[in-house]
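A.B. asks: Structure file target_3.tsv (TSV, C-alpha atoms and all ligand atoms) is given on the next line.
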```
chain	number	residue	atom	x	y	z
A	17	MET	CA	21.26	-27.11	2.39
A	18	LEU	CA	22.35	-30.50	3.67
A	19	LYS	CA	20.58	-33.50	2.19
A	20	MET	CA	20.93	-37.14	3.08
A	21	GLY	CA	20.04	-40.02	0.79
A	22	ASN	CA	21.23	-42.83	-1.45
A	23	ASP	CA	21.45	-40.91	-4.73
A	24	ILE	CA	24.79	-42.01	-6.20
A	25	LYS	CA	24.39	-39.78	-9.27
A	26	ARG	CA	23.97	-36.75	-7.12
A	27	ALA	CA	27.01	-37.61	-5.00
A	28	ALA	CA	29.07	-38.26	-8.14
A	29	GLY	CA	27.94	-34.95	-9.70
A	30	LEU	CA	29.02	-32.95	-6.67
A	31	LEU	CA	32.38	-34.75	-6.53
A	32	GLN	CA	32.93	-34.04	-10.25
A	33	GLU	CA	32.36	-30.35	-9.49
A	34	GLY	CA	35.16	-30.47	-6.90
A	35	LYS	CA	32.87	-30.52	-3.86
A	36	VAL	CA	33.17	-32.55	-0.68
A	37	VAL	CA	30.57	-35.28	-0.06
A	38	ALA	CA	30.20	-37.59	2.95
A	39	ILE	CA	30.26	-41.24	1.92
A	40	PRO	CA	29.53	-44.53	3.65
A	41	THR	CA	32.20	-47.21	3.90
A	42	GLU	CA	32.19	-50.46	5.86
A	43	THR	CA	34.78	-49.03	8.30
A	44	VAL	CA	33.50	-45.50	9.11
A	45	TYR	CA	31.89	-42.66	7.13
A	46	GLY	CA	34.33	-40.54	5.11
A	47	LEU	CA	34.56	-36.93	3.93
A	48	ALA	CA	35.39	-37.51	0.28
A	49	ALA	CA	36.87	-35.38	-2.48
A	50	ASN	CA	38.50	-35.91	-5.87
A	51	ALA	CA	41.98	-37.11	-4.84
A	52	LEU	CA	43.55	-35.63	-7.99
A	53	ASP	CA	42.16	-32.13	-7.37
A	54	THR	CA	44.25	-30.23	-4.82
A	55	LYS	CA	41.57	-27.58	-4.27
A	56	ALA	CA	38.94	-30.20	-3.50
A	57	VAL	CA	41.31	-32.03	-1.13
A	58	ALA	CA	42.17	-28.77	0.62
A	59	GLN	CA	38.50	-28.36	1.52
A	60	VAL	CA	38.55	-31.71	3.30
A	61	PHE	CA	41.43	-30.59	5.52
A	62	GLU	CA	39.65	-27.31	6.16
A	63	LEU	CA	36.29	-28.87	7.05
A	64	LYS	CA	37.86	-31.38	9.43
A	65	LYS	CA	40.33	-28.88	10.85
A	66	ARG	CA	42.88	-31.58	10.11
A	67	PRO	CA	46.55	-30.56	10.19
A	68	ALA	CA	48.21	-30.75	6.78
A	69	PHE	CA	50.92	-33.15	8.07
A	70	ASP	CA	48.31	-35.91	8.43
A	71	PRO	CA	47.99	-37.72	5.08
A	72	LEU	CA	44.73	-38.99	3.56
A	73	ILE	CA	43.84	-42.44	2.22
A	74	ILE	CA	42.73	-42.69	-1.41
A	75	HIS	CA	39.85	-45.00	-2.25
A	76	LEU	CA	39.42	-47.06	-5.41
A	77	ALA	CA	36.84	-49.60	-6.61
A	78	SER	CA	39.55	-52.08	-7.64
A	79	ALA	CA	43.24	-52.43	-8.50
A	80	ASP	CA	42.49	-51.96	-12.21
A	81	GLY	CA	44.57	-48.96	-13.26
A	82	LEU	CA	46.39	-48.81	-9.94
A	83	GLU	CA	49.69	-48.23	-11.81
A	84	GLN	CA	48.49	-44.67	-12.57
A	85	TYR	CA	48.70	-43.91	-8.88
A	86	VAL	CA	51.47	-46.15	-7.48
A	87	LYS	CA	54.89	-46.97	-8.89
A	88	ASN	CA	54.98	-50.60	-7.80
A	89	THR	CA	53.20	-52.84	-5.34
A	90	GLY	CA	56.05	-55.08	-4.14
A	91	PRO	CA	56.00	-58.81	-3.37
A	92	ASN	CA	53.26	-58.89	-0.71
A	93	PHE	CA	50.42	-56.87	-2.23
A	94	LYS	CA	48.88	-59.52	-4.48
A	95	ALA	CA	48.25	-62.09	-1.74
A	96	LEU	CA	46.80	-59.49	0.64
A	97	TYR	CA	44.65	-57.92	-2.06
A	98	GLU	CA	43.23	-61.27	-3.10
A	99	ALA	CA	42.51	-62.26	0.49
A	100	PHE	CA	41.18	-59.00	1.97
A	101	SER	CA	40.24	-56.43	-0.66
A	102	PRO	CA	37.70	-55.02	-0.98
A	103	GLY	CA	37.74	-54.63	2.79
A	104	PRO	CA	39.19	-52.86	5.84
A	105	ILE	CA	42.88	-52.89	4.80
A	106	THR	CA	44.90	-49.93	3.46
A	107	TYR	CA	48.19	-50.34	1.60
A	108	VAL	CA	50.97	-47.73	1.74
A	109	LEU	CA	52.82	-47.80	-1.61
A	110	PRO	CA	55.28	-45.58	-3.53
A	111	LYS	CA	53.24	-42.84	-5.19
A	112	GLN	CA	53.13	-41.62	-8.77
A	113	SER	CA	53.36	-37.87	-9.36
A	114	LEU	CA	49.66	-37.74	-10.32
A	115	ILE	CA	48.80	-37.91	-6.61
A	116	PRO	CA	49.09	-34.39	-5.15
A	117	ASP	CA	51.53	-33.87	-2.28
A	118	LEU	CA	48.71	-32.46	-0.20
A	119	VAL	CA	47.05	-35.91	-0.17
A	120	THR	CA	50.20	-37.63	1.12
A	121	ALA	CA	51.38	-34.77	3.35
A	122	GLY	CA	54.56	-34.63	1.32
A	123	HIS	CA	55.37	-38.35	1.73
A	124	PRO	CA	56.72	-40.19	-1.32
A	125	THR	CA	54.12	-42.90	-0.53
A	126	VAL	CA	50.34	-42.98	-0.86
A	127	ALA	CA	47.84	-44.95	1.21
A	128	VAL	CA	45.30	-46.85	-0.94
A	129	ARG	CA	42.15	-48.70	0.07
A	130	PHE	CA	39.43	-50.62	-1.74
A	131	PRO	CA	36.25	-50.24	0.32
A	132	ALA	CA	33.69	-53.07	0.43
A	133	HIS	CA	30.52	-51.05	1.04
A	134	PRO	CA	28.30	-51.62	-2.04
A	135	LEU	CA	27.09	-48.00	-2.32
A	136	CYS	CA	30.64	-46.71	-2.00
A	137	ARG	CA	31.85	-49.17	-4.63
A	138	GLN	CA	29.13	-48.11	-7.06
A	139	LEU	CA	30.09	-44.49	-6.51
A	140	LEU	CA	33.80	-45.20	-7.09
A	141	GLU	CA	33.01	-47.19	-10.23
A	142	SER	CA	31.10	-44.24	-11.62
A	143	LEU	CA	34.00	-41.79	-11.13
A	144	PRO	CA	37.12	-41.32	-13.27
A	145	PHE	CA	39.26	-40.47	-10.22
A	146	PRO	CA	40.00	-41.92	-6.76
A	147	LEU	CA	38.44	-40.36	-3.66
A	148	ALA	CA	40.62	-39.00	-0.89
A	149	ALA	CA	38.65	-39.50	2.29
A	150	PRO	CA	39.47	-39.31	6.00
A	151	SER	CA	36.85	-40.10	8.62
A	152	ALA	CA	33.94	-37.64	8.54
A	153	ASN	CA	34.48	-36.09	11.96
A	154	LEU	CA	36.23	-33.02	13.27
A	155	PHE	CA	39.91	-33.72	13.91
A	156	GLY	CA	40.40	-35.54	17.20
A	157	LYS	CA	36.76	-36.52	17.66
A	158	VAL	CA	35.09	-39.93	17.50
A	159	SER	CA	34.70	-41.36	13.98
A	160	PRO	CA	31.14	-41.54	12.58
A	161	THR	CA	29.55	-44.93	12.00
A	162	GLU	CA	26.13	-43.60	10.91
A	163	ALA	CA	25.04	-40.86	8.49
A	164	GLN	CA	23.37	-38.96	11.33
A	165	HIS	CA	26.71	-38.69	13.20
A	166	VAL	CA	28.09	-36.86	10.15
A	167	ALA	CA	25.04	-34.61	9.89
A	168	ASP	CA	25.41	-33.66	13.58
A	169	GLN	CA	28.90	-32.22	12.95
A	170	PHE	CA	28.72	-30.92	9.39
A	171	GLU	CA	25.13	-29.75	9.00
A	172	ASP	CA	26.07	-26.33	7.68
A	173	SER	CA	29.08	-27.18	5.59
A	174	LEU	CA	28.11	-30.20	3.46
A	175	GLU	CA	25.68	-30.39	0.57
A	176	TYR	CA	25.15	-34.12	0.56
A	177	ILE	CA	25.64	-37.21	2.71
A	178	LEU	CA	25.38	-40.51	0.88
A	179	ASN	CA	23.56	-42.65	3.43
A	180	GLY	CA	24.61	-46.28	3.44
A	181	GLY	CA	23.25	-47.26	6.85
A	182	PRO	CA	25.34	-48.20	9.88
A	183	ALA	CA	29.00	-49.11	9.17
A	184	ALA	CA	29.40	-52.88	9.41
A	185	VAL	CA	33.01	-52.94	10.66
A	186	GLY	CA	32.85	-49.71	12.68
A	187	LEU	CA	36.65	-49.29	13.10
A	188	GLU	CA	39.02	-47.60	10.66
A	189	SER	CA	41.04	-49.78	8.30
A	190	THR	CA	44.24	-51.56	9.25
A	191	ILE	CA	47.12	-49.78	7.50
A	192	ILE	CA	50.05	-51.82	6.19
A	193	ASP	CA	53.15	-50.20	4.74
A	194	LEU	CA	54.36	-52.22	1.75
A	195	SER	CA	56.86	-49.61	0.57
A	196	GLY	CA	59.80	-50.82	2.66
A	197	GLU	CA	61.86	-53.97	2.92
A	198	SER	CA	59.37	-55.87	5.09
A	199	PRO	CA	55.65	-55.23	5.52
A	200	LEU	CA	54.85	-53.11	8.58
A	201	VAL	CA	51.45	-52.46	10.14
A	202	LEU	CA	51.16	-48.71	10.89
A	203	ARG	CA	47.66	-48.65	12.33
A	204	LEU	CA	45.60	-51.39	13.95
A	205	GLY	CA	42.09	-51.51	12.58
A	206	GLY	CA	39.23	-53.54	11.18
A	207	LEU	CA	41.42	-56.41	9.94
A	208	SER	CA	43.42	-58.30	12.57
A	209	MET	CA	47.20	-58.79	12.60
A	210	GLU	CA	46.55	-62.54	12.92
A	211	ASP	CA	44.63	-62.57	9.62
A	212	ILE	CA	47.42	-60.68	7.86
A	213	ARG	CA	50.12	-62.98	9.25
A	214	ALA	CA	48.14	-66.07	8.22
A	215	VAL	CA	48.02	-64.93	4.59
A	216	LEU	CA	51.64	-63.77	4.37
A	217	GLY	CA	52.85	-66.81	6.31
A	218	LYS	CA	55.30	-64.76	8.31
A	219	GLU	CA	55.69	-62.46	11.28
A	220	VAL	CA	54.48	-58.91	10.60
A	221	LYS	CA	55.42	-56.11	12.97
A	222	TYR	CA	53.29	-53.22	14.20
A	223	THR	CA	54.83	-49.75	14.60
A	224	LYS	CA	52.70	-46.65	14.87
A	225	SER	CA	53.20	-44.42	11.83
A	226	SER	CA	54.93	-41.15	12.52
A	227	SER	CA	51.92	-39.19	11.28
A	228	SER	CA	49.53	-40.81	13.73
A	229	ASN	CA	52.22	-40.61	16.40
A	230	PRO	CA	53.64	-37.16	15.77
A	231	LYS	CA	56.59	-35.68	17.58
A	232	ALA	CA	54.63	-32.63	18.76
A	233	PRO	CA	53.33	-33.38	22.26
A	234	GLY	CA	49.60	-33.38	22.82
A	235	MET	CA	48.58	-34.18	19.25
A	236	LEU	CA	47.78	-37.76	20.05
A	237	SER	CA	45.80	-36.78	23.12
A	238	ALA	CA	42.90	-35.32	21.17
A	239	HIS	CA	42.16	-38.53	19.28
A	240	TYR	CA	38.74	-40.20	19.62
A	241	SER	CA	37.79	-37.74	22.34
A	242	PRO	CA	34.28	-38.53	23.64
A	243	GLY	CA	34.14	-35.13	25.40
A	244	ILE	CA	33.96	-36.83	28.83
A	245	PRO	CA	36.98	-38.11	30.81
A	246	LEU	CA	37.60	-41.78	30.09
A	247	SER	CA	39.64	-44.33	32.07
A	248	HIS	CA	40.81	-47.46	30.31
A	249	GLY	CA	42.11	-50.52	32.12
A	250	ASN	CA	41.21	-53.34	34.45
A	251	LEU	CA	37.62	-52.65	35.55
A	252	ASP	CA	38.02	-54.05	39.08
A	253	SER	CA	40.79	-51.61	39.93
A	254	LEU	CA	39.10	-48.68	38.14
A	255	LEU	CA	35.87	-49.30	40.07
A	256	ASP	CA	37.65	-48.98	43.41
A	257	LYS	CA	38.16	-45.26	42.93
A	258	VAL	CA	34.77	-44.01	41.75
A	259	ASP	CA	31.15	-43.28	42.63
A	260	ARG	CA	29.40	-45.90	40.47
A	261	GLN	CA	26.22	-43.81	40.23
A	262	ARG	CA	28.19	-41.15	38.31
A	263	CYS	CA	29.98	-43.57	35.95
A	264	GLY	CA	29.35	-44.73	32.44
A	265	SER	CA	30.89	-48.01	31.38
A	266	ILE	CA	32.05	-49.71	28.21
A	267	SER	CA	32.57	-53.42	28.72
A	268	PHE	CA	33.05	-56.43	26.47
A	269	CYS	CA	30.42	-58.97	27.52
A	270	LYS	CA	29.55	-58.49	31.20
A	271	ARG	CA	27.39	-56.00	33.10
A	272	ILE	CA	28.90	-54.18	36.06
A	273	ALA	CA	27.29	-54.21	39.50
A	274	GLY	CA	26.37	-50.80	40.87
A	275	ILE	CA	26.51	-48.78	37.65
A	276	PRO	CA	22.99	-47.70	36.55
A	277	GLU	CA	21.72	-49.86	33.66
A	278	ASN	CA	21.20	-46.93	31.27
A	279	GLN	CA	24.81	-45.85	31.78
A	280	GLN	CA	26.25	-49.22	30.74
A	281	ARG	CA	27.32	-50.18	27.22
A	282	VAL	CA	28.01	-53.90	26.87
A	283	LEU	CA	29.49	-54.18	23.39
A	284	SER	CA	28.94	-57.89	22.80
A	285	PRO	CA	27.07	-60.01	25.38
A	286	LYS	CA	28.05	-63.12	23.41
A	287	GLY	CA	31.75	-62.19	23.54
A	288	ASP	CA	32.36	-61.52	19.84
A	289	LEU	CA	35.18	-59.01	19.20
A	290	LYS	CA	33.87	-58.17	15.71
A	291	GLU	CA	30.50	-57.22	17.11
A	292	ALA	CA	32.19	-55.24	19.90
A	293	ALA	CA	34.34	-53.33	17.37
A	294	SER	CA	31.28	-52.36	15.33
A	295	LYS	CA	29.57	-50.93	18.43
A	296	LEU	CA	32.56	-49.09	19.94
A	297	PHE	CA	32.29	-45.61	18.38
A	298	GLY	CA	28.49	-45.52	18.80
A	299	ALA	CA	28.99	-46.31	22.49
A	300	LEU	CA	31.61	-43.56	22.89
A	301	ARG	CA	29.14	-41.06	21.43
A	302	SER	CA	26.16	-42.17	23.45
A	303	PHE	CA	26.99	-40.73	26.89
A	304	LYS	CA	25.70	-37.40	28.09
A	305	ALA	CA	28.10	-35.19	30.04
A	306	GLU	CA	25.38	-34.16	32.50
A	307	ASP	CA	24.72	-37.77	33.59
A	308	ILE	CA	28.23	-38.94	34.34
A	309	ASP	CA	31.65	-37.72	35.46
A	310	VAL	CA	33.73	-40.47	33.88
A	311	ILE	CA	33.51	-43.36	31.41
A	312	LEU	CA	35.19	-46.56	32.60
A	313	ALA	CA	36.32	-48.67	29.65
A	314	GLU	CA	37.43	-52.24	30.08
A	315	GLU	CA	40.74	-53.50	28.70
A	316	PHE	CA	39.65	-55.90	25.93
A	317	PRO	CA	41.45	-59.19	25.20
A	318	ASN	CA	44.67	-58.22	23.41
A	319	GLU	CA	44.05	-60.40	20.36
A	320	GLY	CA	42.25	-60.09	17.01
A	321	LEU	CA	40.19	-56.90	16.82
A	322	GLY	CA	40.60	-56.49	20.59
A	323	ARG	CA	43.98	-54.88	19.95
A	324	ALA	CA	42.46	-52.18	17.74
A	325	ILE	CA	39.65	-51.62	20.26
A	326	ASN	CA	42.23	-51.15	23.05
A	327	ASP	CA	44.22	-48.78	20.81
A	328	ARG	CA	41.16	-46.53	20.28
A	329	LEU	CA	40.18	-46.63	23.97
A	330	LYS	CA	43.71	-45.84	25.09
A	331	ARG	CA	43.77	-42.79	22.83
A	332	ALA	CA	40.27	-41.75	23.96
A	333	SER	CA	41.57	-41.84	27.54
A	334	VAL	CA	44.40	-39.36	27.05
A	335	SER	CA	43.35	-35.87	28.06
B	1	LIG	P1	42.28	-41.63	8.25
B	1	LIG	O1	42.36	-40.64	9.37
B	1	LIG	O2	41.45	-42.82	8.54
B	1	LIG	O3	42.00	-41.01	6.94
B	1	LIG	O4	43.72	-42.30	8.09
B	1	LIG	C1	44.77	-41.59	7.59
B	1	LIG	C2	45.97	-42.16	8.27
B	1	LIG	O5	46.63	-43.03	7.36
B	1	LIG	C3	47.02	-41.14	8.60
B	1	LIG	O6	46.77	-40.51	9.82
B	1	LIG	C4	48.28	-41.97	8.62
B	1	LIG	O7	48.40	-42.61	9.87
B	1	LIG	C5	48.01	-43.02	7.58
B	1	LIG	N1	48.64	-42.72	6.30
B	1	LIG	C6	48.06	-42.19	5.21
B	1	LIG	N2	48.93	-42.05	4.22
B	1	LIG	C7	50.11	-42.49	4.69
B	1	LIG	C8	51.41	-42.58	4.12
B	1	LIG	N3	51.67	-42.21	2.89
B	1	LIG	N4	52.39	-43.07	4.91
B	1	LIG	C9	52.13	-43.45	6.17
B	1	LIG	N5	50.92	-43.39	6.75
B	1	LIG	C10	49.93	-42.91	6.02
B	2	MG	MG	39.98	-40.20	11.62
```
Please express the file's structure as structure tokens.
Ligand code: AMP
Ligand code: MG

C.D. replies:
Amino acid sequence: MLKMGNDIKRAAGLLQEGKVVAIPTETVYGLAANALDTKAVAQVFELKKRPAFDPLIIHLASADGLEQYVKNTGPNFKALYEAFSPGPITYVLPKQSLIPDLVTAGHPTVAVRFPAHPLCRQLLESLPFPLAAPSANLFGKVSPTEAQHVADQFEDSLEYILNGGPAAVGLESTIIDLSGESPLVLRLGGLSMEDIRAVLGKEVKYTKSSSSNPKAPGMLSAHYSPGIPLSHGNLDSLLDKVDRQRCGSISFCKRIAGIPENQQRVLSPKGDLKEAASKLFGALRSFKAEDIDVILAEEFPNEGLGRAINDRLKRASVS
């Protein structure tokens, strides 16, 4: 039977037995398993219905002992690690053979993150292995930012959810590939490109990774699906085409005339992109299909975390 609580020993015990446990992180909740145990990792893919070509991120308390898992870290890791880890940044590095191919979907690289959430850190410190953990939602659905979101989807299939309260960042980590000649951001997320550039003191490019941008058509479309059609763009032009009574809205700081109050989600009245990012997934989940026909989502400022917010909304809009 599913239990929710803050019992780290219990979570650690289940993970040691090769079971899957939901864990809190500052980005989103994860479905975690022993990253060195292929059978345990296979259960994560199965539970999420995640295709095996989509690699998982491994989570560690710190870089102590990192050389067991990665061959080398390259010239840019140290500065980024000191500035941003623990936190919402994931490094793609050449993997050691100890990391199963299932975790990396056959890639010669592994994605590594050091989460900042205190409960998650305590759990990782108590374990002799890293945790492989994707977001704790069914493949293609909105990522969970509260323990209850996880319970809603995995009630029958999980034994324990470690409850660490609402996720502070609320967006997945920013992924940076440090395995090539120059650093390359593969996924926009909870740490901005501007912050990364400031620390490295140089231009850093963003290219979607091939796994999150697969060649097979339609794969991308399912991502972050709120289960209701969503239009993303300039609100003034979107509003021209709709019956406002039957709309939900997601906007940055302003209310929208004509849309019923209880169907509006203003993510940050004071205009703070960090606050808006932390509220985004909760807002996407909060609409009821019987109340509205469409969710109108504003194009956020294309800077800082606004870029990651727009990325998620754009993908939520593809049907
Ligand atoms: P998540 O769904 O948050 O667990 O993030 C996993 C994502 O990290 C994948 O969908 C990839 O986009 C990216 N990723 C993980 N491992 C690698 C890797 N070795 N090389 C490139 N991208 C990776
Ligand atoms: Mg995910």

A.B. asks: If you count all atoms listed in the file, which residues end up within 6 Å of ligand LIG 1 (chain B), as a ChimeraX atom specification?

C.D. replies: /A:70-73,108,120,123,125-127,149-151,188,225,227-228

A.B. asks: Between A:Val282, A:Leu154, A:Leu202, A:Ala184, single out the one closest to ligand MG 2 (chain B), counting only C-alpha atoms and all ligand atoms.

C.D. replies: A:Leu154

A.B. asks: When you count all atoms listed in the file, which of these residues is closest to Ala292 (chain A): A:Gly196, A:Gly264, A:Gly186, A:Gly103?

C.D. replies: A:Gly186

A.B. asks: So which one's closest to ligand MG 2 (chain B), A:His239, A:Lys65, A:Lys19, A:Arg203? Using all atoms listed in the file, please.

C.D. replies: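 Smallest distance to ligand MG 2 (chain B) is found for A:His239.
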
A.B. asks: May I have the residues within 10 Å of Gly320 (chain A) as number ranges by chain, using all atoms listed in the file and disregarding those fewer than 5 positions away in the same chain?

C.D. replies: A: 204-211, 289-290, 325

A.B. asks: Hey, can you spit out that residue selection with C-alpha atoms as a PDB file, in the coordinates of the input?

C.D. replies:
```
ATOM      1  CA  LEU A 204      45.600 -51.390  13.950  1.00  0.00           C
ATOM      2  CA  GLY A 205      42.090 -51.510  12.580  1.00  0.00           C
ATOM      3  CA  GLY A 206      39.230 -53.540  11.180  1.00  0.00           C
ATOM      4  CA  LEU A 207      41.420 -56.410   9.940  1.00  0.00           C
ATOM      5  CA  SER A 208      43.420 -58.300  12.570  1.00  0.00           C
ATOM      6  CA  MET A 209      47.200 -58.790  12.600  1.00  0.00           C
ATOM      7  CA  GLU A 210      46.550 -62.540  12.920  1.00  0.00           C
ATOM      8  CA  ASP A 211      44.630 -62.570   9.620  1.00  0.00           C
ATOM      9  CA  LEU A 289      35.180 -59.010  19.200  1.00  0.00           C
ATOM     10  CA  LYS A 290      33.870 -58.170  15.710  1.00  0.00           C
ATOM     11  CA  ILE A 325      39.650 -51.620  20.260  1.00  0.00           C
TER      12      ILE A 325
END
```

A.B. asks: A:Ala58, A:Leu47, A:Ala163, A:Leu31: which is nearest Leu143 (chain A), counting all atoms listed in the file?

C.D. replies: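 That would be A:Leu31, the residue with the smallest distance to Leu143 (chain A).
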
A.B. asks: Ranking A:Asp309, A:Pro182, A:Ser159, A:Asn278 by minimum distance to ligand MG 2 (chain B) and counting only C-alpha atoms and all ligand atoms, which one comes first?

C.D. replies: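 Using only C-alpha atoms and all ligand atoms, ligand MG 2 (chain B) sits closest to A:Ser159.
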
A.B. asks: With distances taken over all atoms listed in the file, which residue among A:Thr190, A:Asn153, A:Ser284, A:Thr54 lies nearest Lys224 (chain A)?

C.D. replies: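 Distance minimum relative to Lys224 (chain A) lands on A:Thr190.
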